[in-house]
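Quick look at structure-v2.txt (compact mmCIF, C-alpha atoms):
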```
# COMPACT_ATOMS: atom_id res chain seq x y z
CA MET D 1 -1.41 27.41 -14.61
CA PRO D 2 0.47 25.73 -11.74
CA GLU D 3 -0.83 26.29 -8.21
CA PHE D 4 1.71 28.67 -6.64
CA ASP D 5 1.46 27.48 -3.02
CA ALA D 6 1.51 23.83 -4.07
CA CYS D 7 4.66 24.43 -6.14
CA VAL D 8 6.37 26.18 -3.22
CA TYR D 9 5.37 23.29 -0.95
CA ALA D 10 6.74 20.73 -3.41
CA THR D 11 10.11 22.45 -3.83
CA THR D 12 10.73 23.60 -0.25
CA VAL D 13 9.11 20.87 1.84
CA VAL D 14 8.47 17.66 -0.10
CA ARG D 15 11.67 17.28 -2.13
CA PRO D 16 14.17 18.21 0.61
CA GLY D 17 12.37 16.17 3.27
CA SER D 18 11.54 13.00 1.34
CA GLY D 19 13.88 10.13 0.63
CA SER D 20 12.72 8.11 -2.35
CA ALA D 21 11.01 9.20 -5.54
CA ALA D 22 8.04 7.04 -4.56
CA THR D 23 7.57 8.97 -1.30
CA ILE D 24 7.73 12.28 -3.16
CA GLU D 25 5.16 11.03 -5.66
CA GLN D 26 2.80 9.93 -2.86
CA ALA D 27 3.05 13.32 -1.18
CA LEU D 28 2.38 15.21 -4.40
CA ARG D 29 -0.52 12.95 -5.32
CA GLY D 30 -2.06 13.74 -1.95
CA VAL D 31 -1.85 17.45 -2.77
CA GLN D 32 -3.15 16.78 -6.29
CA PHE D 33 -6.16 14.97 -4.83
CA LEU D 34 -6.89 17.84 -2.44
CA LEU D 35 -6.69 20.48 -5.18
CA ALA D 36 -8.89 18.39 -7.49
CA PHE D 37 -11.46 18.17 -4.69
CA THR D 38 -11.45 21.91 -3.97
CA GLU D 39 -11.82 22.67 -7.68
CA LEU D 40 -14.70 20.22 -8.01
CA ARG D 41 -16.46 21.84 -5.05
CA SER D 42 -15.54 25.41 -6.11
CA ILE D 43 -13.67 26.00 -2.86
CA ALA D 44 -11.24 28.94 -2.91
CA LEU D 45 -8.71 27.39 -0.54
CA GLN D 46 -6.45 30.44 -0.20
CA GLU D 47 -9.37 32.74 0.59
CA ARG D 48 -10.71 30.28 3.14
CA PHE D 49 -7.37 30.14 4.92
CA ILE D 50 -6.97 33.91 4.87
CA ASP D 51 -10.39 34.20 6.52
CA GLY D 52 -9.57 31.39 8.97
CA ARG D 53 -12.60 29.40 7.80
CA PHE D 54 -10.76 26.35 6.39
CA LEU D 55 -13.17 23.51 5.45
CA ASP D 56 -16.59 22.95 6.97
CA ALA D 57 -17.60 19.65 8.59
CA HIS D 58 -19.68 18.50 5.60
CA GLU D 59 -16.79 19.35 3.27
CA LEU D 60 -14.42 17.24 5.36
CA ASP D 61 -16.90 14.36 5.12
CA GLU D 62 -17.03 14.77 1.34
CA LEU D 63 -13.24 14.94 1.17
CA VAL D 64 -12.95 11.63 3.03
CA ALA D 65 -15.65 10.03 0.86
CA MET D 66 -13.92 11.15 -2.34
CA SER D 67 -10.54 9.89 -1.15
CA ARG D 68 -11.71 6.42 -2.21
CA ARG D 69 -12.40 7.51 -5.78
CA THR D 70 -10.11 7.33 -8.76
CA LEU D 71 -8.11 10.27 -10.08
CA ARG D 72 -8.67 10.06 -13.81
CA GLY D 73 -5.60 10.88 -15.85
CA GLU D 74 -6.73 9.21 -19.06
CA GLN D 75 -10.10 10.86 -19.56
CA GLY D 76 -10.59 14.60 -19.67
CA ARG D 77 -8.31 16.91 -17.75
CA GLN D 78 -5.17 15.34 -16.28
CA GLY D 79 -5.75 14.40 -12.67
CA ALA D 80 -9.50 15.07 -12.72
CA LEU D 81 -11.43 13.57 -9.83
CA SER D 82 -14.39 11.37 -10.63
CA ALA D 83 -17.46 12.95 -9.06
CA LYS D 84 -19.50 9.77 -9.34
CA PRO D 85 -18.91 6.58 -7.32
CA MET D 86 -16.85 4.12 -9.33
CA ARG D 87 -16.82 0.36 -9.10
CA ASP D 88 -13.04 0.34 -9.30
CA SER D 89 -12.28 2.66 -6.41
CA VAL D 90 -8.84 2.90 -4.83
CA SER D 91 -7.88 0.82 -1.79
CA ALA D 92 -8.45 1.93 1.78
CA THR D 93 -4.69 2.25 2.19
CA THR D 94 -4.40 4.60 -0.79
CA ALA D 95 -7.29 6.69 0.53
CA SER D 96 -5.65 6.99 3.94
CA ILE D 97 -2.31 7.98 2.39
CA ARG D 98 -4.03 10.64 0.28
CA LEU D 99 -5.73 12.11 3.33
CA HIS D 100 -2.51 12.00 5.36
CA TYR D 101 -0.57 14.02 2.78
CA ALA D 102 -3.53 16.33 2.15
CA ARG D 103 -3.60 17.07 5.88
CA THR D 104 0.16 17.69 5.91
CA TYR D 105 -0.19 20.19 3.07
CA LEU D 106 -3.12 21.94 4.76
CA GLY D 107 -1.09 22.25 7.95
CA TRP D 108 1.80 23.80 6.04
CA LEU D 109 -0.55 26.13 4.15
CA GLY D 110 -2.06 27.27 7.44
CA GLU D 111 1.33 28.06 8.96
CA VAL D 112 2.40 30.00 5.87
CA THR D 113 -0.87 31.91 5.77
CA SER D 114 -0.60 32.73 9.46
CA SER D 115 2.80 34.34 8.93
CA ARG D 116 1.36 36.41 6.09
CA ILE D 117 -1.81 37.76 7.70
CA THR D 118 -1.09 38.05 11.44
CA SER D 119 0.70 41.09 12.81
CA THR D 120 0.77 40.30 16.53
CA LEU D 121 1.70 37.27 18.60
CA GLN D 122 -1.83 37.13 19.99
CA GLN D 123 -3.33 36.99 16.50
CA ARG D 124 -0.93 34.24 15.47
CA ILE D 125 -1.69 32.16 18.56
CA ARG D 126 -5.43 32.48 17.93
CA TYR D 127 -5.06 31.56 14.25
CA MET D 128 -2.91 28.51 15.04
CA GLU D 129 -5.47 27.34 17.62
CA LEU D 130 -8.20 27.48 14.98
CA LEU D 131 -5.93 25.72 12.48
CA GLN D 132 -5.07 22.94 14.92
CA GLY D 133 -8.74 22.39 15.71
CA PHE D 134 -9.46 22.05 12.00
CA LEU D 135 -6.56 19.61 11.48
CA ASP D 136 -7.71 17.55 14.47
CA ARG D 137 -11.19 17.25 12.96
CA LEU D 138 -9.67 16.04 9.71
CA SER D 139 -7.36 13.57 11.50
CA ALA D 140 -10.34 12.10 13.35
CA ARG D 141 -11.89 11.21 9.98
CA ILE D 142 -8.82 9.45 8.56
CA PRO D 143 -9.11 5.65 8.95
CA SER D 144 -6.42 4.33 11.28
CA GLY D 145 -3.97 1.66 10.20
CA ARG D 146 -5.50 -0.87 12.56
CA VAL D 147 -9.03 -0.28 11.28
CA MET D 148 -7.84 -0.83 7.71
CA LEU D 149 -5.73 -3.81 8.69
CA ALA D 150 -8.73 -5.65 10.09
CA ARG D 151 -10.32 -5.79 6.63
CA MET D 152 -7.25 -5.91 4.42
CA SER D 153 -5.93 -9.46 4.64
CA LEU D 154 -7.35 -12.18 2.41
CA GLY D 155 -9.64 -14.66 4.10
CA ARG D 156 -9.12 -18.38 3.54
CA ASP D 157 -11.90 -18.63 0.94
CA ALA D 158 -10.73 -15.52 -0.91
CA LYS D 159 -7.16 -16.82 -1.00
CA ALA D 160 -8.30 -20.17 -2.39
CA GLU D 161 -10.35 -18.36 -5.03
CA LEU D 162 -7.38 -16.16 -5.96
CA LEU D 163 -5.12 -19.18 -6.39
CA ARG D 164 -7.78 -20.84 -8.53
CA VAL D 165 -8.32 -17.96 -10.95
CA ILE D 166 -4.61 -17.21 -11.45
CA ASP D 167 -3.89 -20.81 -12.46
CA PRO D 168 -2.80 -20.58 -16.12
CA GLN D 169 -5.14 -23.48 -16.96
CA SER D 170 -8.19 -21.93 -15.28
CA ILE D 171 -11.04 -20.92 -17.58
CA ASP D 172 -11.58 -17.95 -15.26
CA ASN D 173 -8.04 -16.64 -15.68
CA PRO D 174 -8.46 -12.98 -16.80
CA TRP D 175 -5.34 -12.86 -19.00
CA SER D 176 -5.16 -14.15 -22.56
CA SER D 177 -1.53 -14.89 -23.41
CA GLU D 178 0.52 -17.72 -21.94
CA PHE D 179 3.28 -15.28 -20.96
CA HIS D 180 0.95 -12.97 -19.03
CA ARG D 181 -0.74 -15.86 -17.26
CA ASP D 182 2.54 -17.37 -16.12
CA ARG D 183 4.18 -14.08 -15.14
CA ASN D 184 1.16 -12.74 -13.25
CA ARG D 185 0.69 -15.99 -11.36
CA LEU D 186 4.35 -15.96 -10.37
CA LEU D 187 4.17 -12.32 -9.24
CA ILE D 188 1.14 -13.04 -7.05
CA LEU D 189 2.66 -16.22 -5.62
CA TRP D 190 5.77 -14.26 -4.67
CA GLY D 191 3.53 -11.70 -2.98
CA ILE D 192 1.49 -14.27 -1.05
CA GLY D 193 4.49 -16.42 -0.20
CA THR D 194 6.99 -13.75 0.88
CA GLY D 195 4.99 -10.66 1.85
CA LEU D 196 7.31 -8.45 -0.20
CA ARG D 197 6.20 -4.96 -1.12
CA ARG D 198 5.37 -4.10 -4.71
CA GLY D 199 8.62 -2.18 -5.12
CA GLU D 200 10.62 -5.07 -3.67
CA LEU D 201 9.00 -7.55 -6.06
CA LEU D 202 9.80 -5.38 -9.07
CA GLY D 203 13.35 -4.90 -7.81
CA LEU D 204 14.08 -8.63 -7.72
CA ARG D 205 17.06 -9.52 -9.90
CA ILE D 206 17.91 -12.94 -11.23
CA LYS D 207 21.50 -12.65 -9.98
CA ALA D 208 20.10 -12.10 -6.47
CA LEU D 209 18.29 -15.47 -6.57
CA ASN D 210 20.24 -18.48 -5.33
CA PHE D 211 18.49 -21.59 -6.62
CA ARG D 212 20.91 -23.88 -4.78
CA SER D 213 20.22 -22.52 -1.32
CA ASN D 214 16.71 -21.25 -2.16
CA MET D 215 17.48 -17.74 -0.94
CA ALA D 216 16.67 -14.33 -2.40
CA ASP D 217 18.50 -11.09 -1.62
CA ILE D 218 16.36 -7.98 -1.16
CA VAL D 219 18.64 -5.02 -1.91
CA ARG D 220 18.11 -1.26 -1.73
CA ARG D 221 19.10 0.54 -4.93
CA GLN D 222 18.27 4.24 -4.80
CA ASP D 223 18.55 6.00 -8.17
CA ASP D 224 19.80 2.85 -9.92
CA ALA D 225 21.48 3.89 -13.17
CA SER D 226 20.83 0.44 -14.66
CA ASP D 227 17.06 0.72 -14.11
CA PRO D 228 15.42 2.38 -17.15
CA ARG D 229 12.01 2.85 -15.48
CA ARG D 230 10.94 6.48 -15.05
CA LEU D 231 9.47 5.67 -11.63
CA GLN D 232 11.94 3.25 -10.13
CA PRO D 233 10.44 0.75 -7.66
CA ASN D 234 12.43 1.21 -4.47
CA THR D 235 12.88 -1.00 -1.43
CA LYS D 236 11.61 1.00 1.55
CA THR D 237 12.70 -1.53 4.15
CA ARG D 238 16.07 -2.98 5.20
CA GLU D 239 18.23 -5.14 2.98
CA ARG D 240 17.93 -8.81 3.85
CA SER D 241 17.94 -12.38 2.54
CA ILE D 242 14.74 -14.39 2.59
CA GLY D 243 14.05 -18.06 2.02
CA ILE D 244 11.94 -19.37 -0.85
CA SER D 245 10.36 -22.80 -1.06
CA ASP D 246 11.37 -25.52 -3.52
CA GLU D 247 8.04 -25.00 -5.29
CA LEU D 248 8.42 -21.24 -5.69
CA ALA D 249 12.05 -21.62 -6.75
CA TYR D 250 11.06 -24.19 -9.39
CA MET D 251 8.24 -22.04 -10.79
CA THR D 252 10.54 -19.01 -10.88
CA HIS D 253 13.24 -20.94 -12.73
CA GLU D 254 10.69 -22.33 -15.19
CA HIS D 255 9.34 -18.86 -15.92
CA ILE D 256 12.84 -17.55 -16.60
CA VAL D 257 13.68 -20.43 -18.95
CA ARG D 258 10.35 -20.91 -20.72
CA HIS D 259 9.06 -17.34 -21.00
CA ARG D 260 11.43 -14.56 -19.99
CA SER D 261 14.39 -15.89 -21.99
CA LYS D 262 12.40 -15.64 -25.24
CA LEU D 263 12.19 -11.84 -24.98
CA ARG D 264 15.24 -10.28 -26.61
CA ALA D 265 15.05 -7.01 -24.65
CA ALA D 266 14.90 -8.94 -21.38
CA ARG D 267 18.42 -10.24 -22.02
CA LYS D 268 19.78 -6.70 -21.56
CA HIS D 269 18.99 -6.68 -17.82
CA ASP D 270 18.34 -9.16 -15.03
CA PHE D 271 15.14 -7.89 -13.42
CA LEU D 272 12.96 -10.94 -12.83
CA PHE D 273 9.58 -9.50 -13.75
CA VAL D 274 9.33 -7.99 -17.23
CA ALA D 275 6.69 -6.62 -19.58
CA ASP D 276 5.81 -8.43 -22.80
CA ASP D 277 8.34 -6.27 -24.66
CA GLY D 278 11.12 -7.38 -22.30
CA ALA D 279 11.44 -4.11 -20.38
CA PRO D 280 11.39 -4.22 -16.57
CA LEU D 281 7.80 -4.36 -15.33
CA SER D 282 6.51 -0.99 -14.12
CA LEU D 283 4.66 -0.04 -10.96
CA SER D 284 1.62 1.00 -13.00
CA SER D 285 1.57 -2.41 -14.70
CA VAL D 286 1.30 -4.15 -11.34
CA THR D 287 -1.55 -1.84 -10.42
CA LYS D 288 -3.22 -2.79 -13.71
CA ILE D 289 -2.80 -6.50 -12.96
CA PHE D 290 -4.67 -6.22 -9.67
CA ARG D 291 -7.26 -3.88 -11.19
CA GLY D 292 -8.01 -6.56 -13.78
CA LEU D 293 -8.40 -9.19 -11.09
CA ARG D 294 -10.78 -6.99 -9.08
CA LEU D 295 -12.79 -6.18 -12.20
CA HIS D 296 -13.19 -9.78 -13.40
CA HIS D 297 -13.51 -11.30 -9.93
CA PRO D 298 -15.14 -8.82 -7.52
CA GLN D 299 -15.49 -11.62 -4.98
CA LEU D 300 -11.77 -11.17 -4.28
CA GLY D 301 -12.48 -7.80 -2.67
CA ASP D 302 -12.27 -4.13 -3.61
CA ASP D 303 -8.87 -3.71 -1.92
CA LEU D 304 -6.97 -6.59 -3.54
CA SER D 305 -3.38 -5.42 -4.10
CA CYS D 306 0.21 -6.29 -3.27
CA HIS D 307 -0.33 -4.62 0.10
CA VAL D 308 -3.24 -6.96 0.86
CA LEU D 309 -1.01 -9.93 0.01
CA ARG D 310 1.57 -8.56 2.45
CA HIS D 311 -1.02 -8.38 5.23
CA SER D 312 -2.18 -11.90 4.35
CA TRP D 313 1.38 -13.18 4.70
CA ASN D 314 1.53 -11.65 8.17
CA GLU D 315 -1.74 -13.32 9.14
CA ASP D 316 -0.39 -16.68 7.92
CA PHE D 317 2.83 -16.06 9.85
CA SER D 318 0.83 -15.44 13.03
CA GLU D 319 -0.90 -18.81 12.66
CA ILE D 320 2.43 -20.58 12.10
CA ALA D 321 3.91 -18.79 15.12
CA ASP D 322 0.98 -19.97 17.22
CA ARG D 323 1.44 -23.58 16.14
CA ALA D 324 5.20 -23.37 16.73
CA LYS D 325 4.54 -21.83 20.16
CA LEU D 326 6.96 -18.98 19.48
CA SER D 327 7.38 -16.49 22.28
CA THR D 328 6.17 -12.95 21.61
CA GLU D 329 9.73 -11.67 21.33
CA ASP D 330 10.87 -14.48 19.01
CA GLU D 331 7.83 -13.87 16.81
CA ARG D 332 8.57 -10.15 16.69
CA ARG D 333 12.22 -10.70 15.72
CA ALA D 334 11.37 -13.23 13.02
CA ARG D 335 8.64 -11.05 11.56
CA ASN D 336 10.82 -7.93 11.61
CA HIS D 337 13.52 -9.75 9.63
CA ALA D 338 11.12 -11.17 7.05
CA MET D 339 9.40 -7.82 6.53
CA GLY D 340 12.64 -5.82 6.51
CA TRP D 341 11.74 -3.85 9.64
CA SER D 342 14.45 -2.77 12.07
CA GLU D 343 15.10 -4.85 15.18
CA THR D 344 13.56 -2.13 17.33
CA SER D 345 10.56 -1.56 15.04
CA ARG D 346 7.12 -1.83 16.64
CA SER D 347 5.38 -2.46 13.30
CA ALA D 348 4.89 -6.10 14.27
CA ASP D 349 2.93 -5.07 17.36
CA VAL D 350 -0.25 -4.65 15.31
CA TYR D 351 -0.19 -8.34 14.45
CA LEU D 352 0.88 -9.33 17.95
CA THR D 353 -2.09 -7.41 19.34
CA ARG D 354 -4.40 -9.30 17.01
CA ARG D 355 -2.82 -12.56 18.11
CA THR D 356 -3.40 -11.60 21.75
CA ARG D 357 -7.05 -10.79 21.01
CA ARG D 358 -7.46 -14.13 19.24
CA LEU D 359 -5.93 -16.07 22.12
CA ALA D 360 -8.11 -14.16 24.58
CA ALA D 361 -11.22 -14.94 22.53
CA ASP D 362 -10.29 -18.64 22.39
CA ALA D 363 -9.77 -18.71 26.15
CA SER D 364 -13.10 -16.96 26.72
CA MET D 365 -14.95 -19.48 24.55
CA LYS D 366 -13.33 -22.37 26.40
CA ILE D 367 -14.48 -20.87 29.70
CA GLN D 368 -17.99 -20.42 28.29
CA ARG D 369 -18.13 -24.02 27.10
CA HIS D 370 -16.89 -25.20 30.49
CA VAL D 371 -19.43 -23.10 32.40
CA ILE D 372 -22.32 -24.11 30.14
CA GLY D 373 -21.27 -27.74 30.36
CA GLU D 374 -21.16 -27.62 34.14
CA GLY D 375 -24.55 -25.91 34.24
CA GLU D 376 -26.14 -28.58 32.07
CA LYS D 377 -24.85 -31.29 34.43
CA GLU D 378 -26.69 -29.67 37.33
```
Show me, as structure tokens, the structure contained in the file I just sent.
Amino acid sequence: MPEFDACVYATTVVRPGSGSAATIEQALRGVQFLLAFTELRSIALQERFIDGRFLDAHELDELVAMSRRTLRGEQGRQGALSAKPMRDSVSATTASIRLHYARTYLGWLGEVTSSRITSTLQQRIRYMELLQGFLDRLSARIPSGRVMLARMSLGRDAKAELLRVIDPQSIDNPWSSEFHRDRNRLLILWGIGTGLRRGELLGLRIKALNFRSNMADIVRRQDDASDPRRLQPNTKTRERSIGISDELAYMTHEHIVRHRSKLRAARKHDFLFVADDGAPLSLSSVTKIFRGLRLHHPQLGDDLSCHVLRHSWNEDFSEIADRAKLSTEDERRARNHAMGWSETSRSADVYLTRRTRRLAADASMKIQRHVIGEGEKE
């Protein structure tokens, strides 16, 4: 039987307030995760909120720990939460998103419950104070974006290893068919080389690729009637044109001619990345690609995903900006354009802060070498 409060939340809060289908899905999966956790721990959430008890500290710790585990839809009950640690856990980003939306739902549930059970203003104020204290304790346990960012980009060795194993000729390539090897390598090279989001990669159309000027148009298409995918991959960021190298353009063209063109169903649309039956590649298929890489090559990291490739691109961009001696403002503008962020967005500041820390560390080491050198002369 559907959870009444969760259904009310979905229809009155999530759907009206969310833009894309992907955002709605993320919000509902956060609620699904929370409800799976409370069922697993035999927590009567409604009764707890009526009593103003919410979740205890150890339960919050368990909730955070389980946010890294997989929701199993294939085995057993749909959406069941694995109670045992799994080797293939979800990424830190996914865990943080789950907790964020779980917290949002708990805040809404508390406000609704307060209106039901309090009869005086004083009672409501007291209840909301208790609720806010509980939400603050949960927020304090959610990993921040900066903490996750520090461990999410690929290191130089990991990147070299990734490029090695995705080579179609590599004996360590995890895919069997020539089509899958070529397509998956191209998808990952696009991710590493452009920093595009997963939805943006799957939204690439052949007609939006200009092989003469080596430019690609990233276009927003909400509720695209020509896209047959049930969960359409949407572009969250701004529309823009990005440059692609001669090498990436050549490999893309070769894939279209040598592999994609042989699939009859692929001729009915112009999405660049397709499944082996010719249909546009799905979001879940991309997740499966990276899951396979993590499973066969754990040295690549537990968090390997399109999002990690995006962070790696930003780290590479920072190094190039350093060598080019770009000013902070020029670097911010260039990064905002490439990532599809608005001109006034502060999203780039996370990387600029890391650049500042790196420059400060370099300066400190130079001072240390100078001081130690002078001391040895004495």
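Around Ile242 (chain D), within 9 Å and counting all atoms listed in the file, the residues found are Thr194, Asn214, Met215, Ala216, Asp217, Ile218, His337 and Ala338 of chain D, once anything fewer than 4 positions away on its own chain is removed.
Between CA of Leu154 (chain D) and CA of Ser312 (chain D) lies a distance of 5.5 Å.
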Can you list every residue of region 88-198 of chain D that has an atom at most 12 Å from region 39-46 of chain D, with its nearest atom pair and the distance in Å to one decimal, using only C-alpha atoms, ordered by chain then number, as a Markdown table?
```
| residue | atom | partner | partner_atom | distance |
| --- | --- | --- | --- | --- |
| D:Tyr105 | CA | D:Leu45 | CA | 11.7 |
| D:Leu106 | CA | D:Leu45 | CA | 9.4 |
| D:Leu109 | CA | D:Gln46 | CA | 8.5 |
| D:Gly110 | CA | D:Gln46 | CA | 9.4 |
| D:Val112 | CA | D:Gln46 | CA | 10.7 |
| D:Thr113 | CA | D:Gln46 | CA | 8.3 |
| D:Ser114 | CA | D:Gln46 | CA | 11.5 |
| D:Arg116 | CA | D:Gln46 | CA | 11.7 |
| D:Ile117 | CA | D:Gln46 | CA | 11.7 |
```
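With CA of Phe134 (chain D) on one side and CA of Phe54 (chain D) on the other, the separation reads 7.2 Å.
Using only C-alpha atoms, the nearest neighbour of Thr12 (chain D) within the list D:Asn210, D:Arg294, D:Trp108, D:Leu135 is D:Trp108.
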Subject >> For region 272-285 of chain D: contacts at 12 Å, only C-alpha atoms, fewer than 6 positions along chain excluded, given as an NGL selection string >> reply: :D and (22 or 177-188 or 190 or 197-209 or 216 or 226-234 or 252-257 or 259-266 or 291-292 or 305-306)
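If all atoms listed in the file are the atoms counted, then among D:Leu35, D:Ala158, D:Ala334, D:Leu60 the closest residue to Asp303 (chain D) is D:Ala158.
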Subject >> Interatomic distance (Å, one decimal) between CA of His311 (chain D) and CA of Ile142 (chain D) >> reply: 19.7 Å
**OP:** Just give me the residues with any atom within 12 Å of (-4.1, 13.6, 0.8), file coordinates, counting all atoms listed in the file, written as a PyMOL selection string.
**Re:** chain D and resi 25-37+60+63-64+66-68+93-107+138-139+142
Original post:
Nearest to Thr118 (chain D): which of D:Ala321, D:Ile289, D:Ile50, D:Met251 is it, counting only C-alpha atoms?
Top reply: D:Ile50
